[in-house]
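Listing of run.txt, compact mmCIF, C-alpha atoms and all ligand atoms
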```txt
# COMPACT_ATOMS: atom_id res chain seq x y z
CA MET J 1 0.00 0.00 0.00
CA GLN J 2 2.65 2.46 1.13
CA GLY J 3 4.95 1.55 -1.76
CA ASN J 4 2.08 1.96 -4.17
CA SER J 5 0.98 5.37 -3.01
CA LYS J 6 4.60 6.54 -2.87
CA SER J 7 5.09 5.61 -6.48
CA MET J 8 1.99 7.70 -7.50
CA LEU J 9 3.23 10.92 -5.84
CA PRO J 10 5.59 13.10 -7.92
CA SER J 11 9.10 13.37 -6.47
CA ARG J 12 10.27 16.62 -4.78
CA THR J 13 12.82 17.18 -7.56
CA TYR J 14 10.01 16.87 -10.11
CA ILE J 15 7.87 19.50 -8.31
CA ILE J 16 10.77 21.96 -7.97
CA GLY J 17 11.71 21.38 -11.58
CA THR J 18 8.18 22.08 -12.79
CA LEU J 19 8.01 25.25 -10.69
CA VAL J 20 11.32 26.52 -12.10
CA VAL J 21 10.15 25.87 -15.66
CA PHE J 22 6.86 27.63 -14.91
CA ILE J 23 8.62 30.68 -13.39
CA LEU J 24 11.00 30.85 -16.35
CA PHE J 25 7.97 30.64 -18.63
CA LEU J 26 6.31 33.57 -16.80
CA ILE J 27 9.51 35.64 -16.99
CA GLY J 28 9.63 34.84 -20.70
CA ILE J 29 6.09 36.13 -21.20
CA CYS J 30 6.87 39.32 -19.28
CA ILE J 31 9.92 40.00 -21.39
CA GLN J 32 8.20 39.27 -24.67
CA ILE J 33 4.95 41.16 -24.05
CA PRO J 34 5.67 44.73 -23.06
CA THR J 35 3.38 45.85 -20.26
CA PRO J 36 0.83 48.32 -21.61
CA ALA J 37 1.70 51.93 -20.85
CA ALA J 38 -0.47 53.53 -18.19
CA PRO J 39 -3.30 55.54 -19.86
CA SER J 40 -2.53 59.22 -20.31
CA LYS J 41 -4.58 61.76 -18.40
CA GLN J 42 -6.42 62.66 -21.63
CA GLU J 43 -7.27 59.02 -22.44
CA GLU J 44 -8.49 58.50 -18.90
CA THR J 45 -10.74 61.56 -19.12
CA ASN J 46 -12.11 60.49 -22.51
CA HIS J 47 -12.82 57.02 -21.24
CA CYS J 48 -14.48 58.42 -18.15
CA SER J 49 -16.60 60.91 -20.04
CA ASP J 50 -17.59 58.16 -22.50
CA GLN J 51 -18.87 56.15 -19.57
CA VAL J 52 -20.71 59.14 -18.14
CA THR J 53 -22.18 59.94 -21.56
CA GLU J 54 -23.30 56.33 -22.03
CA LYS J 55 -24.98 56.39 -18.65
CA ALA J 56 -26.64 59.73 -19.38
CA ILE J 57 -27.87 58.49 -22.74
CA GLU J 58 -29.19 55.34 -21.13
CA LEU J 59 -31.13 57.34 -18.54
CA ALA J 60 -32.32 59.93 -21.02
CA HIS J 61 -33.54 57.28 -23.43
CA CYS J 62 -35.54 55.65 -20.68
CA GLU J 63 -38.64 57.82 -21.07
CA ARG J 64 -38.47 57.69 -24.84
CA LYS J 65 -38.05 53.91 -24.77
CA LEU J 66 -41.02 53.57 -22.42
CA LEU J 67 -43.04 55.67 -24.83
CA VAL J 68 -41.89 53.51 -27.75
CA LYS J 69 -43.08 50.44 -25.84
CA SER J 70 -46.30 51.79 -24.39
CA VAL J 71 -47.96 53.50 -27.34
CA ASN J 72 -49.25 51.75 -30.38
CA LYS J 73 -48.89 54.72 -32.68
CA ARG J 74 -46.60 56.11 -35.34
CA LYS J 75 -43.11 56.15 -33.87
CA MET J 76 -41.14 58.07 -36.46
CA ALA J 77 -40.75 61.10 -34.17
CA LEU J 78 -39.27 58.88 -31.46
CA ASN J 79 -36.31 57.90 -33.62
CA VAL J 80 -33.03 59.75 -33.40
CA LEU J 81 -32.67 60.08 -37.19
CA THR J 82 -35.20 61.05 -39.86
CA PRO J 83 -35.49 58.91 -43.02
CA TRP J 84 -33.20 61.48 -44.72
CA LEU J 85 -30.70 61.08 -41.87
CA ALA J 86 -31.17 64.39 -40.10
CA PRO J 87 -30.72 64.06 -36.33
CA ILE J 88 -33.87 64.29 -34.20
CA ILE J 89 -32.75 65.99 -31.01
CA TRP J 90 -33.90 64.27 -27.85
CA ASP J 91 -32.16 64.63 -24.53
CA GLY J 92 -29.11 62.38 -24.42
CA THR J 93 -28.50 62.28 -28.16
CA TYR J 94 -25.74 64.88 -28.18
CA ASN J 95 -22.54 65.74 -26.33
CA LEU J 96 -22.84 69.37 -25.31
CA ASN J 97 -19.16 69.74 -24.33
CA ILE J 98 -18.06 69.05 -27.89
CA LEU J 99 -20.79 71.20 -29.46
CA ASP J 100 -20.19 74.15 -27.12
CA LYS J 101 -16.52 74.19 -28.15
CA GLN J 102 -17.42 74.00 -31.85
CA HIS J 103 -19.71 76.99 -31.37
CA SER J 104 -17.46 79.09 -29.14
CA SER J 105 -17.59 82.02 -31.57
CA THR J 106 -21.04 81.41 -33.08
CA ARG J 107 -23.44 84.37 -32.97
CA ILE J 108 -27.08 83.47 -32.47
CA GLY J 109 -30.19 85.61 -32.98
CA LEU J 110 -33.52 85.09 -31.25
CA PHE J 111 -36.39 86.64 -33.19
CA VAL J 112 -39.67 87.36 -31.46
CA PHE J 113 -42.84 89.43 -31.93
CA ALA J 114 -44.59 90.98 -28.92
CA VAL J 115 -47.40 93.03 -30.41
CA LYS J 116 -50.43 94.51 -28.67
CA LYS J 117 -51.46 92.45 -25.65
CA TYR J 118 -48.68 89.97 -26.25
CA ILE J 119 -46.26 92.50 -24.77
CA ARG J 120 -47.18 90.96 -21.41
CA PHE J 121 -45.37 87.76 -22.38
CA LEU J 122 -42.10 89.48 -23.28
CA GLN J 123 -40.52 89.91 -19.87
CA PRO J 124 -40.94 86.29 -18.72
CA PHE J 125 -39.83 85.16 -22.18
CA LEU J 126 -36.60 87.19 -22.08
CA GLU J 127 -35.86 86.41 -18.44
CA SER J 128 -36.25 82.69 -19.04
CA ALA J 129 -34.06 83.00 -22.15
CA GLU J 130 -31.30 84.54 -20.02
CA ARG J 131 -31.50 81.51 -17.79
CA TYR J 132 -31.74 78.71 -20.36
CA PHE J 133 -31.22 79.87 -23.95
CA MET J 134 -27.70 79.55 -25.37
CA VAL J 135 -26.10 80.30 -22.01
CA GLY J 136 -22.43 81.23 -22.49
CA HIS J 137 -22.88 82.12 -26.17
CA LYS J 138 -23.26 85.35 -28.13
CA VAL J 139 -26.94 86.15 -28.41
CA THR J 140 -28.85 89.03 -30.00
CA TYR J 141 -32.54 89.36 -29.22
CA TYR J 142 -34.53 90.82 -32.11
CA VAL J 143 -37.73 92.04 -30.48
CA PHE J 144 -40.50 93.49 -32.66
CA THR J 145 -43.25 95.36 -30.91
CA ASP J 146 -45.69 98.25 -31.25
CA LYS J 147 -44.89 99.19 -27.63
CA VAL J 148 -41.14 99.81 -27.50
CA ASP J 149 -41.59 102.10 -24.48
CA GLU J 150 -43.20 99.37 -22.42
CA VAL J 151 -40.37 96.88 -22.83
CA VAL J 152 -38.69 95.93 -19.56
CA LYS J 153 -35.08 95.14 -20.32
CA PRO J 154 -33.95 91.96 -18.55
CA LYS J 155 -30.68 91.75 -16.66
CA MET J 156 -28.46 90.36 -19.40
CA ALA J 157 -25.24 88.38 -19.25
CA ASP J 158 -22.11 89.53 -21.11
CA GLY J 159 -22.22 88.95 -24.84
CA ARG J 160 -25.96 89.38 -25.04
CA ILE J 161 -27.63 92.26 -26.88
CA LEU J 162 -31.23 93.45 -26.96
CA GLN J 163 -32.47 95.09 -30.16
CA LEU J 164 -35.90 96.69 -30.06
CA HIS J 165 -37.74 97.35 -33.30
CA ASN J 166 -41.02 98.99 -34.09
CA VAL J 167 -43.57 97.06 -36.05
CA VAL J 168 -47.12 97.85 -37.16
CA ALA J 169 -49.88 96.33 -35.10
CA ASP J 170 -52.19 94.49 -37.47
CA GLN J 171 -55.75 94.26 -36.35
CA ARG J 172 -56.30 90.54 -36.86
CA TRP J 173 -54.10 88.18 -34.81
CA GLN J 174 -53.62 86.07 -37.91
CA ASP J 175 -52.06 89.04 -39.68
CA VAL J 176 -49.78 89.83 -36.72
CA SER J 177 -48.61 86.23 -36.74
CA MET J 178 -48.03 86.22 -40.53
CA ARG J 179 -46.33 89.63 -40.46
CA ARG J 180 -43.37 87.82 -38.92
CA MET J 181 -42.53 86.26 -42.31
CA GLU J 182 -42.48 89.64 -44.04
CA ILE J 183 -40.19 91.12 -41.37
CA LEU J 184 -37.93 88.08 -41.62
CA THR J 185 -37.48 88.57 -45.37
CA VAL J 186 -36.19 92.09 -44.70
CA TYR J 187 -33.97 91.45 -41.67
CA THR J 188 -32.39 88.22 -42.93
CA LYS J 189 -31.38 90.12 -46.06
CA GLU J 190 -30.47 93.59 -44.81
CA TYR J 191 -29.21 93.39 -41.25
CA MET J 192 -28.74 89.92 -39.85
CA PRO J 193 -26.08 88.63 -42.28
CA SER J 194 -23.46 90.90 -40.70
CA GLU J 195 -24.72 90.47 -37.13
CA ILE J 196 -25.40 86.77 -36.57
CA ASP J 197 -24.70 83.28 -37.96
CA TYR J 198 -27.88 81.48 -36.93
CA LEU J 199 -31.38 82.75 -36.34
CA VAL J 200 -33.95 81.16 -34.05
CA CYS J 201 -37.59 82.25 -34.47
CA ALA J 202 -39.96 81.86 -31.53
CA ASP J 203 -43.44 82.63 -30.28
CA VAL J 204 -43.44 85.01 -27.33
CA ASP J 205 -46.21 83.28 -25.37
CA MET J 206 -43.69 80.70 -24.17
CA VAL J 207 -41.00 80.37 -21.51
CA PHE J 208 -37.74 78.49 -21.49
CA ASN J 209 -37.97 75.92 -18.74
CA ASP J 210 -34.83 73.83 -19.29
CA HIS J 211 -31.62 73.88 -21.32
CA VAL J 212 -31.86 75.02 -24.95
CA GLY J 213 -28.39 75.31 -26.45
CA VAL J 214 -26.26 74.92 -29.55
CA GLU J 215 -27.45 71.32 -29.99
CA ILE J 216 -30.42 72.80 -31.88
CA LEU J 217 -28.28 74.63 -34.45
CA GLY J 218 -28.10 73.49 -38.03
CA ASP J 219 -28.56 74.89 -41.54
CA LEU J 220 -32.33 74.50 -41.20
CA PHE J 221 -34.18 73.14 -38.18
CA ALA J 222 -37.78 72.92 -37.01
CA THR J 223 -39.67 71.45 -34.07
CA ILE J 224 -42.19 68.63 -34.19
CA HIS J 225 -45.60 69.86 -32.97
CA PRO J 226 -46.25 68.39 -29.51
CA VAL J 227 -49.87 67.56 -30.37
CA PHE J 228 -49.05 65.56 -33.52
CA PHE J 229 -45.79 63.82 -32.72
CA LEU J 230 -47.42 60.38 -32.64
CA SER J 231 -49.99 61.08 -35.38
CA GLU J 232 -50.27 59.59 -38.83
CA PRO J 233 -49.54 62.12 -41.60
CA GLN J 234 -53.13 61.99 -42.89
CA SER J 235 -54.25 63.66 -39.66
CA PHE J 236 -51.64 66.44 -39.80
CA THR J 237 -53.36 69.82 -40.08
CA TYR J 238 -51.53 70.75 -43.28
CA GLU J 239 -53.30 73.05 -45.75
CA ARG J 240 -55.18 70.60 -47.99
CA ARG J 241 -56.81 72.95 -50.51
CA PRO J 242 -54.88 72.79 -53.80
CA ILE J 243 -55.73 76.45 -54.45
CA SER J 244 -53.49 77.61 -51.57
CA ALA J 245 -49.76 78.10 -51.98
CA ALA J 246 -49.37 76.16 -48.74
CA TYR J 247 -51.05 73.06 -50.21
CA ILE J 248 -49.57 69.71 -49.24
CA PRO J 249 -51.16 66.67 -50.93
CA TYR J 250 -52.09 63.61 -48.86
CA GLY J 251 -49.22 61.14 -48.97
CA GLN J 252 -46.56 63.80 -48.59
CA GLY J 253 -44.89 65.23 -45.50
CA ASP J 254 -42.95 63.65 -42.69
CA PHE J 255 -43.81 65.62 -39.56
CA TYR J 256 -46.16 68.42 -38.59
CA TYR J 257 -43.84 71.24 -37.52
CA MET J 258 -44.90 74.06 -35.21
CA ALA J 259 -44.05 77.63 -36.15
CA ALA J 260 -43.42 78.50 -32.49
CA PHE J 261 -39.75 77.40 -32.72
CA TYR J 262 -37.61 76.96 -35.82
CA GLY J 263 -34.48 78.42 -37.32
CA GLY J 264 -31.28 78.00 -39.24
CA LYS J 265 -28.44 79.84 -40.90
CA VAL J 266 -29.44 83.39 -41.80
CA ASP J 267 -29.39 82.74 -45.56
CA GLU J 268 -31.56 79.64 -45.10
CA ILE J 269 -34.13 81.63 -43.14
CA TYR J 270 -33.99 84.27 -45.85
CA LYS J 271 -34.93 81.61 -48.44
CA LEU J 272 -37.57 80.11 -46.16
CA SER J 273 -39.23 83.40 -45.26
CA THR J 274 -39.16 84.67 -48.85
CA THR J 275 -40.88 81.52 -50.10
CA CYS J 276 -43.46 81.57 -47.29
CA GLN J 277 -44.11 85.31 -47.65
CA ASN J 278 -44.60 84.92 -51.43
CA GLY J 279 -47.10 82.14 -50.67
CA ILE J 280 -48.93 84.35 -48.19
CA ILE J 281 -49.15 87.15 -50.79
CA GLU J 282 -50.36 84.74 -53.51
CA ASP J 283 -53.08 83.46 -51.18
CA LYS J 284 -54.11 87.00 -50.21
CA LYS J 285 -54.55 87.83 -53.91
CA LYS J 286 -56.95 84.90 -54.14
CA ASN J 287 -58.65 86.10 -50.98
CA ILE J 288 -57.76 82.98 -49.07
CA GLU J 289 -55.69 82.29 -45.98
CA ALA J 290 -53.97 79.03 -45.16
CA LEU J 291 -55.51 77.00 -42.34
CA TRP J 292 -52.74 77.80 -39.84
CA GLN J 293 -51.36 80.93 -41.53
CA GLU J 294 -47.56 81.03 -41.77
CA GLU J 295 -47.30 77.65 -40.01
CA SER J 296 -49.02 76.07 -43.04
CA HIS J 297 -46.55 77.75 -45.40
CA LEU J 298 -43.65 76.71 -43.19
CA ASN J 299 -44.81 73.11 -43.30
CA ARG J 300 -45.09 73.18 -47.06
CA TYR J 301 -41.58 74.65 -47.35
CA LEU J 302 -40.19 71.90 -45.12
CA VAL J 303 -41.80 69.12 -47.16
CA TYR J 304 -39.76 70.20 -50.17
CA ASN J 305 -36.73 71.56 -48.30
CA LYS J 306 -35.99 68.98 -45.65
CA PRO J 307 -34.63 70.35 -42.38
CA THR J 308 -31.07 69.29 -41.57
CA LYS J 309 -32.03 68.87 -37.93
CA VAL J 310 -35.38 68.14 -36.30
CA LEU J 311 -36.19 69.09 -32.72
CA SER J 312 -38.26 66.71 -30.59
CA PRO J 313 -41.33 67.99 -28.70
CA GLU J 314 -38.98 68.66 -25.78
CA TYR J 315 -38.47 71.98 -27.59
CA ILE J 316 -42.17 72.95 -27.66
CA TRP J 317 -44.35 71.53 -24.97
CA ASP J 318 -47.64 72.45 -23.33
CA THR J 319 -48.20 71.14 -19.81
CA ASN J 320 -51.90 70.58 -20.63
CA LEU J 321 -50.92 67.81 -23.04
CA PRO J 322 -51.07 64.10 -22.23
CA LEU J 323 -47.91 61.92 -22.12
CA GLY J 324 -45.87 64.66 -20.44
CA GLU J 325 -44.37 62.05 -18.11
CA PHE J 326 -42.45 60.68 -21.10
CA ILE J 327 -40.96 64.04 -22.04
CA LYS J 328 -37.89 64.22 -19.83
CA LYS J 329 -36.96 67.82 -20.52
CA LYS J 330 -39.74 70.29 -21.21
CA ARG J 331 -37.38 72.92 -22.49
CA PHE J 332 -39.75 75.50 -23.96
CA ILE J 333 -43.31 75.52 -22.72
CA ALA J 334 -46.48 77.40 -23.65
CA VAL J 335 -47.73 80.01 -21.20
CA HIS J 336 -51.44 79.29 -20.80
CA LYS J 337 -53.53 82.14 -22.08
CA ASP J 338 -57.13 83.13 -22.65
CA HIS J 339 -57.02 83.09 -26.44
CA GLN J 340 -60.05 85.36 -26.84
CA GLU J 341 -58.82 87.89 -24.33
CA VAL J 342 -55.25 88.31 -25.61
CA ARG J 343 -56.25 88.43 -29.25
CA ASN J 344 -58.82 91.18 -28.81
C1 LIG J 401 -51.23 76.33 -29.84
O1 LIG J 401 -52.66 72.98 -31.03
C2 LIG J 401 -51.89 77.10 -28.70
O2 LIG J 401 -52.85 77.99 -29.20
C3 LIG J 401 -52.55 76.11 -27.73
O3 LIG J 401 -53.03 76.83 -26.61
C4 LIG J 401 -51.54 75.05 -27.26
O4 LIG J 401 -50.53 75.66 -26.50
C5 LIG J 401 -50.94 74.35 -28.47
O5 LIG J 401 -50.35 75.32 -29.36
C6 LIG J 401 -49.88 73.35 -28.10
O6 LIG J 401 -53.17 72.26 -35.79
C7 LIG J 401 -53.83 71.72 -24.87
C8 LIG J 401 -53.46 71.76 -26.26
C9 LIG J 401 -54.52 71.97 -27.29
C10 LIG J 401 -53.83 72.03 -28.60
C11 LIG J 401 -54.61 72.20 -29.83
C12 LIG J 401 -53.73 72.05 -31.07
C13 LIG J 401 -52.74 73.93 -32.09
O7 LIG J 401 -52.39 73.26 -33.30
C14 LIG J 401 -52.49 74.09 -34.44
C15 LIG J 401 -52.20 73.25 -35.67
C16 LIG J 401 -51.56 75.26 -34.32
O8 LIG J 401 -50.22 74.81 -34.31
C17 LIG J 401 -51.84 76.02 -33.06
O9 LIG J 401 -50.87 77.03 -32.93
C18 LIG J 401 -51.80 75.10 -31.85
O10 LIG J 401 -52.24 75.78 -30.68
N1 LIG J 402 -48.46 87.74 -31.77
C1 LIG J 402 -48.36 88.99 -31.18
N2 LIG J 402 -49.49 89.73 -30.97
C2 LIG J 402 -50.72 89.28 -31.32
C3 LIG J 402 -50.82 88.02 -31.90
C4 LIG J 402 -49.68 87.27 -32.11
O1 LIG J 402 -47.28 89.43 -30.83
O2 LIG J 402 -51.69 90.00 -31.10
C5 LIG J 402 -47.24 86.98 -32.02
C6 LIG J 402 -46.65 86.41 -30.74
O3 LIG J 402 -45.25 86.30 -30.87
C7 LIG J 402 -47.30 85.04 -30.68
C8 LIG J 402 -47.25 84.64 -32.13
O4 LIG J 402 -47.53 85.86 -32.85
O5 LIG J 402 -46.63 84.16 -29.82
C9 LIG J 402 -48.22 83.55 -32.58
O6 LIG J 402 -49.53 83.75 -32.05
P1 LIG J 402 -50.10 82.85 -30.87
O7 LIG J 402 -49.02 82.57 -29.91
O8 LIG J 402 -51.33 83.49 -30.34
O9 LIG J 402 -50.48 81.50 -31.62
P2 LIG J 402 -50.69 80.08 -30.91
O10 LIG J 402 -49.36 79.63 -30.46
O11 LIG J 402 -51.64 80.27 -29.78
O12 LIG J 402 -51.27 79.27 -32.01
MN MN J 403 -48.00 80.77 -29.27
```
How would this structure read if it were set down as structure tokens?
Amino acid sequence: MQGNSKSMLPSRTYIIGTLVVFILFLIGICIQIPTPAAPSKQEETNHCSDQVTEKAIELAHCERKLLVKSVNKRKMALNVLTPWLAPIIWDGTYNLNILDKQHSSTRIGLFVFAVKKYIRFLQPFLESAERYFMVGHKVTYYVFTDKVDEVVKPKMADGRILQLHNVVADQRWQDVSMRRMEILTVYTKEYMPSEIDYLVCADVDMVFNDHVGVEILGDLFATIHPVFFLSEPQSFTYERRPISAAYIPYGQGDFYYMAAFYGGKVDEIYKLSTTCQNGIIEDKKKNIEALWQEESHLNRYLVYNKPTKVLSPEYIWDTNLPLGEFIKKKRFIAVHKDHQEVRN
């Protein structure tokens, strides 16, 4: 028994020998494979920020993913790219650090009308813009009003300019709203080219409620209407009468865009406003008006001139709307108003 078991155990010399060979083998590996250099500070930071970005994207996509799962509707607006490969900007789809650096010398205009009773919306609009709109960038506010004397200038950060301009007060609210296109044709041609790079056009009856920055900028961008972002195109409220210059046939059009927030490079907004204004004039000659005034013309323009960037309903929201729990950042929200009262 003893002899047997002894013969099965390896001898001490054998064990030591194996160990020596193994150690030599390890040393060999260490010599052959150079140890990887420790990551540089820059690499470490990049790696770290990649991880943070991934996490942020994961969290930000959560609401959108839930929405994708829980509604049985058209989901095109929930994608992050349009069929023509323009980005759709949802929270978490962009890296602001990179974009802010790219735009360190970009000059941005914010165009807004505050005519007649809508002057009451101007102060909260501008104050909220100081807090959330293009913070840290060069901004010029282009305010058009019939009440220049009543404008309360907000406390503005460095690099921000307020321009006040007089504009006629049309009687009908529809005409006030459409007048914006005419003014745009003039300013994007005569003044803005030497003053700004990008122009953002907004309704005044809104407030910025969360970050709105350079992630929105592109040659031509527009915002998906928060009421129609899950709707089928046949229910979009496009102008459907072929007689109007804003006519969009059934079967065409990708999104219903809202005229309360859109923009682009100055020369792009010159082209856009000129086309829309010509359409408005053509319709007026025929004694017709598009269903949603300049918004109808804007939508027609964008069917045939696809925006290079599309903003999700995060960029125009109304807290009266359903599904708000899925919209993580409500960046620009409607101020609730008595339509009848303010328009009279
Ligand atoms: C505007 O929306 C405002 O007049 C509304 O008060 C609201 O803020 C809306 O925008 C988001 O078809 C509780 C929401 C009821 C929404 C009704 C539909 C209207 O849609 C139209 C196009 C125009 O875009 C109007 O501007 C828009 O109403
Ligand atoms: N507007 C204005 N005075 C008016 C009517 C309209 O200044 O009497 C401007 C204002 O900038 C407003 C925009 O035109 O935000 C569009 O009109 P409104 O906001 O009433 O349209 P809605 O968003 O309710 O469809
Ligand atoms: Mn409005």
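Inspection of the environment of ligand LIG 402 (chain J), which uses all atoms listed in the file and a cut-off of 7 Å, identifies the neighbouring residues as Val112, Phe113, Ala114, Val115, Lys116, Lys117, Tyr118, Ile119, Trp173, Gln174, Val176, Ser177, Ala202, Asp203, Val204, Asp205, Ala260, His339, Val342 and Arg343 of chain J.
Restricting the calculation to only C-alpha atoms, the smallest distance between Leu126 (chain J) and any of J:Pro322, J:Val207, J:Val167, J:Gly109 is found for J:Val207.
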Problem - Protein and nucleic residues near ligand LIG 401 (chain J), 6 Å, all atoms listed in the file, as a list in words - result: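 Listing the residues within 6 Å of ligand LIG 401 (chain J) gives Val227, Thr237, Met258, Asp318, Asn320, Leu321 and Ala334 of chain J.
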Handout entry: Polymer residues at most 10 Å from His225 (chain J), all atoms listed in the file, same-chain spacing of 4 or more positions, as a list in words
Key =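 That gives Phe229, Leu230, Phe236, Phe255, Tyr256, Tyr257, Met258, Ala259, Ala260, Phe261, Leu311, Ser312, Pro313, Glu314, Tyr315, Ile316 and Trp317 of chain J.
For the atom pair formed by CA of Phe221 (chain J) and CA of Lys306 (chain J), the distance is 8.7 Å, given to one decimal.
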Problem - Atom-to-atom span, CA of Ile269 (chain J) and CA of Glu215 (chain J), Å - result: 18.0 Å
Exercise for the section: Choose the residue, out of J:Val168, J:Phe125, J:Pro307, J:Ile248, that has the smallest atom-to-atom separation from ligand MN 403 (chain J); count all atoms listed in the file. Expected result: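 When distances to ligand MN 403 (chain J) are compared using all atoms listed in the file, the smallest one comes from J:Phe125.
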Can you take the partial region 109-125 of chain J, add N, CA, C and O atoms, and return it as a PDB file, keeping the file's coordinate frame?
```pdb
ATOM      1  N   GLY J 109     -29.097  84.648 -33.129  1.00  0.00           N
ATOM      2  CA  GLY J 109     -30.190  85.610 -32.980  1.00  0.00           C
ATOM      3  C   GLY J 109     -31.442  84.914 -32.490  1.00  0.00           C
ATOM      4  O   GLY J 109     -31.688  83.762 -32.839  1.00  0.00           O
ATOM      5  N   LEU J 110     -32.213  85.617 -31.665  1.00  0.00           N
ATOM      6  CA  LEU J 110     -33.520  85.090 -31.250  1.00  0.00           C
ATOM      7  C   LEU J 110     -34.565  86.130 -31.642  1.00  0.00           C
ATOM      8  O   LEU J 110     -34.557  87.256 -31.138  1.00  0.00           O
ATOM      9  N   PHE J 111     -35.425  85.735 -32.571  1.00  0.00           N
ATOM     10  CA  PHE J 111     -36.390  86.640 -33.190  1.00  0.00           C
ATOM     11  C   PHE J 111     -37.757  86.428 -32.557  1.00  0.00           C
ATOM     12  O   PHE J 111     -38.237  85.293 -32.486  1.00  0.00           O
ATOM     13  N   VAL J 112     -38.372  87.519 -32.116  1.00  0.00           N
ATOM     14  CA  VAL J 112     -39.670  87.360 -31.460  1.00  0.00           C
ATOM     15  C   VAL J 112     -40.557  88.592 -31.656  1.00  0.00           C
ATOM     16  O   VAL J 112     -40.057  89.721 -31.698  1.00  0.00           O
ATOM     17  N   PHE J 113     -41.846  88.367 -31.815  1.00  0.00           N
ATOM     18  CA  PHE J 113     -42.840  89.430 -31.930  1.00  0.00           C
ATOM     19  C   PHE J 113     -43.581  89.546 -30.607  1.00  0.00           C
ATOM     20  O   PHE J 113     -43.993  88.519 -30.051  1.00  0.00           O
ATOM     21  N   ALA J 114     -43.765  90.770 -30.114  1.00  0.00           N
ATOM     22  CA  ALA J 114     -44.590  90.980 -28.920  1.00  0.00           C
ATOM     23  C   ALA J 114     -45.479  92.198 -29.194  1.00  0.00           C
ATOM     24  O   ALA J 114     -45.164  93.326 -28.796  1.00  0.00           O
ATOM     25  N   VAL J 115     -46.551  91.948 -29.918  1.00  0.00           N
ATOM     26  CA  VAL J 115     -47.400  93.030 -30.410  1.00  0.00           C
ATOM     27  C   VAL J 115     -48.720  93.072 -29.631  1.00  0.00           C
ATOM     28  O   VAL J 115     -49.259  92.027 -29.266  1.00  0.00           O
ATOM     29  N   LYS J 116     -49.176  94.276 -29.424  1.00  0.00           N
ATOM     30  CA  LYS J 116     -50.430  94.510 -28.670  1.00  0.00           C
ATOM     31  C   LYS J 116     -50.374  93.792 -27.324  1.00  0.00           C
ATOM     32  O   LYS J 116     -49.391  93.920 -26.600  1.00  0.00           O
ATOM     33  N   LYS J 117     -51.419  93.026 -27.009  1.00  0.00           N
ATOM     34  CA  LYS J 117     -51.460  92.450 -25.650  1.00  0.00           C
ATOM     35  C   LYS J 117     -50.360  91.426 -25.382  1.00  0.00           C
ATOM     36  O   LYS J 117     -50.110  91.072 -24.229  1.00  0.00           O
ATOM     37  N   TYR J 118     -49.728  90.972 -26.438  1.00  0.00           N
ATOM     38  CA  TYR J 118     -48.680  89.970 -26.250  1.00  0.00           C
ATOM     39  C   TYR J 118     -47.411  90.561 -25.633  1.00  0.00           C
ATOM     40  O   TYR J 118     -46.475  89.831 -25.315  1.00  0.00           O
ATOM     41  N   ILE J 119     -47.401  91.869 -25.437  1.00  0.00           N
ATOM     42  CA  ILE J 119     -46.260  92.500 -24.770  1.00  0.00           C
ATOM     43  C   ILE J 119     -46.104  91.932 -23.354  1.00  0.00           C
ATOM     44  O   ILE J 119     -44.999  91.840 -22.830  1.00  0.00           O
ATOM     45  N   ARG J 120     -47.215  91.489 -22.783  1.00  0.00           N
ATOM     46  CA  ARG J 120     -47.180  90.960 -21.410  1.00  0.00           C
ATOM     47  C   ARG J 120     -46.318  89.690 -21.290  1.00  0.00           C
ATOM     48  O   ARG J 120     -45.880  89.333 -20.206  1.00  0.00           O
ATOM     49  N   PHE J 121     -46.147  89.022 -22.415  1.00  0.00           N
ATOM     50  CA  PHE J 121     -45.370  87.760 -22.380  1.00  0.00           C
ATOM     51  C   PHE J 121     -43.865  88.006 -22.528  1.00  0.00           C
ATOM     52  O   PHE J 121     -43.067  87.096 -22.316  1.00  0.00           O
ATOM     53  N   LEU J 122     -43.503  89.240 -22.905  1.00  0.00           N
ATOM     54  CA  LEU J 122     -42.100  89.480 -23.280  1.00  0.00           C
ATOM     55  C   LEU J 122     -41.118  89.338 -22.118  1.00  0.00           C
ATOM     56  O   LEU J 122     -40.070  88.710 -22.255  1.00  0.00           O
ATOM     57  N   GLN J 123     -41.466  89.942 -20.995  1.00  0.00           N
ATOM     58  CA  GLN J 123     -40.520  89.910 -19.870  1.00  0.00           C
ATOM     59  C   GLN J 123     -40.217  88.482 -19.383  1.00  0.00           C
ATOM     60  O   GLN J 123     -39.040  88.112 -19.286  1.00  0.00           O
ATOM     61  N   PRO J 124     -41.249  87.683 -19.103  1.00  0.00           N
ATOM     62  CA  PRO J 124     -40.940  86.290 -18.720  1.00  0.00           C
ATOM     63  C   PRO J 124     -40.193  85.525 -19.807  1.00  0.00           C
ATOM     64  O   PRO J 124     -39.310  84.708 -19.502  1.00  0.00           O
ATOM     65  N   PHE J 125     -40.518  85.830 -21.064  1.00  0.00           N
ATOM     66  CA  PHE J 125     -39.830  85.160 -22.180  1.00  0.00           C
ATOM     67  C   PHE J 125     -38.337  85.478 -22.138  1.00  0.00           C
ATOM     68  O   PHE J 125     -37.487  84.582 -22.171  1.00  0.00           O
TER      69      PHE J 125
END
```
